[in-house]
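Novice: Please read through the structure below; I'll follow up with questions.
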Amino acid sequence: LRLNLFYPKQPSMFVQRWRKFTHLSRREQMLLIEALFHLTLAQVIILLLPFRWFSSRLGQASTESNKQLSPTQATSAAQVGAAVARMSPHTLWDNACLTQAVAAQWMLHRRNIPSTLYLGIEKESKQKWLAHAWVRCGQNILVGANGYTQYTVVSSFANNHGE
C-alpha cells in the first residue's frame with residue numbers, strides 16, 4: 001500500500017480538478033462520489049478481512065450473469081465503469097484491479113444490473129504467479145479489461161439482480 005501523502009503534488013492541480021468537478025452535472029458528481037466511497041470501502045475491507053469473509057458479498061460463487069442487458073442497464077453500467085476508472089487514480093492509495101472490481105460490482109448491485117466479477121491467474125515463471133480481477137457486465141468488460149484474456153479464470157461471482 002503506497003499512500004500519496006503529499007497529494008496533489010502541485011496545489012494548482014487540486015484547484016483545476018475541483019473546478020472540473022464543480023462544472024459536472026449533479027448526477028455525475030454524485031456518481032463520482034459514490035465511486036470514491038466504494039473504492040475506499042473495498043480497499044479497507046480487502047486490507048482488513050480475509051477474502052472468504054467478504055466474498056459472499058460479491059455475488060453467487062462459480063456462476064456467471066446473463067450477457068444481455070437492456071439499453072438503460074448498459075448505459076448505467078458504462079457510467080459505473082467510467083466513474084470507477086476516473087476516481088481510481090484520485091485516492092490516497094494505489095487501487096489494484098481487485099479493489100476496482102469489487103467497487104464496480106457493488107455499484108452495479110445497487111443498481112440491480114447483472115454482472116460477473118472474475119478472478120484469474122497467470123503463471124509468469126516457475127515460481128511467480130500473477131493475479132487479476134475484472135468485471136463483465138453484459139458483453140463488455142467494465143473494469144480490468146487490460147490484458148484480462150491472458151488470465152485463466154479460477155473463480156467467478158455473479159450478481160444476477162435485474163434478470
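Letters for chains follow the order of the C-alpha cells (A, B, ...), residue numbers begin at 1 for each chain, and ligand numbers begin at 1 in the order shown.
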Any idea what's packed within 12 Å of A:Ala83, counting only C-alpha atoms, ignoring anything in its chain fewer than 2 positions away? Could you give it as JSON, numbers by chain?
Specialist: {"A": [27, 28, 29, 30, 31, 32, 33, 34, 35, 36, 37, 38, 39, 76, 77, 78, 79, 80, 81, 85, 86, 87, 88, 89, 90, 100, 103, 104, 107, 108, 142, 143]}
Novice: Let's see if you can do this: from backbone DSSP, list all strand (DSSP E) residues in chain A, as a PyMOL selection string.
Specialist: chain A and resi 60-61+115-123+129-137+140-143+152-159
Novice: If we count only C-alpha atoms and set the cut-off at 8 Å, which residues sit around A:Ala131, ignoring sequence neighbours fewer than 4 positions away in its own chain? Please answer as a short mmCIF file (atom, residue, chain, number, x, y, z; two decimals) with C-alpha atoms, in the first residue's frame.
Specialist:
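Saved file result-v1.cif follows:
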data_model
loop_
_atom_site.label_atom_id
_atom_site.label_comp_id
_atom_site.auth_asym_id
_atom_site.auth_seq_id
_atom_site.Cartn_x
_atom_site.Cartn_y
_atom_site.Cartn_z
CA LEU A 119 -10.59 -13.73 -10.57
CA GLY A 120 -7.84 -15.10 -12.76
CA ILE A 121 -4.22 -16.22 -12.55
CA GLU A 122 -1.34 -16.48 -14.98
CA TYR A 151 -5.53 -14.98 -17.35
#
Novice: So which residues of stretch 41-88 of chain A fall under alpha helix (DSSP H) by DSSP, listed as a VMD selection string?
Specialist: chain A and resid 41 to 48 51 to 54 71 to 87
Novice: Which residues are near A:Arg57? Cut-off 12 Å, only C-alpha atoms, ignore same chain within fewer than 3 positions. Put them as a list in words.
Specialist: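 Answer for this query is Ala42, Ile45, Phe51, Arg52, Trp53, Phe54, Gln60, Ala61, Val102, Ala103, Gln105, Trp106, Met107, His109, Arg110, Leu117, Phe157, Ala158 and Asn159 of chain A.
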Novice: Would you save the residues of that selection, restricted to C-alpha atoms, as a compact mmCIF listing (two decimals), in the first residue's frame?
Specialist:
# COMPACT_ATOMS: atom_id res chain seq x y z
CA ALA A 42 -13.37 -2.01 -0.88
CA ILE A 45 -12.26 -4.45 3.56
CA PHE A 51 -11.26 -12.90 1.31
CA ARG A 52 -13.54 -15.75 2.35
CA TRP A 53 -15.33 -13.41 4.80
CA PHE A 54 -16.41 -10.86 2.20
CA GLN A 60 -23.08 -16.10 -6.24
CA ALA A 61 -19.82 -18.05 -6.49
CA VAL A 102 -15.15 -5.02 -6.01
CA ALA A 103 -16.19 -1.36 -6.06
CA GLN A 105 -19.52 -4.94 -8.58
CA TRP A 106 -21.09 -3.31 -5.53
CA MET A 107 -22.16 -0.24 -7.51
CA HIS A 109 -25.50 -4.48 -7.48
CA ARG A 110 -27.02 -1.26 -6.04
CA LEU A 117 -16.60 -10.45 -11.15
CA PHE A 157 -19.05 -14.21 -8.67
CA ALA A 158 -22.34 -13.42 -10.39
CA ASN A 159 -24.63 -10.62 -9.38
Novice: Measuring atom to atom with only C-alpha atoms, identify which of A:Val84, A:Ile113, A:Val135, A:Ala145 is nearest to A:Ser70.
Specialist: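 Among the listed residues, A:Ile113 lies closest to A:Ser70.
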Novice: Could you tell me which of A:Ala133, A:Asn160, A:Gln139, A:Lys128 comes closest to A:Arg111 if we count only C-alpha atoms?
Specialist: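 Of the candidates, the smallest distance to A:Arg111 is held by A:Asn160.
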Novice: Which of these residues is nearest to A:Cys137, using only C-alpha atoms: A:Val15, A:Leu92, A:Leu47, A:Leu69?
Specialist: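 Distance minimum relative to A:Cys137 lands on A:Leu69.
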Novice: For each of A:Val154, A:Met13, A:Ala96, A:Ala74, take the minimum atom-to-atom distance to A:Gly138, counting only C-alpha atoms, then give the residue where this is smallest.
Specialist: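 Using only C-alpha atoms, A:Gly138 sits closest to A:Ala74.
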Novice: Between A:Glu124, A:Trp18, A:Gln150, A:Asn140, which is the closest to A:Thr75 once you count only C-alpha atoms?
Specialist: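 Once distances to A:Thr75 are computed over only C-alpha atoms, the minimum belongs to A:Asn140.
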Novice: A:Lys20, A:His132, A:Lys126, A:Arg26: which is nearest A:Val153, counting only C-alpha atoms?
Specialist: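 Checking each candidate against A:Val153, we get A:His132 as the closest.
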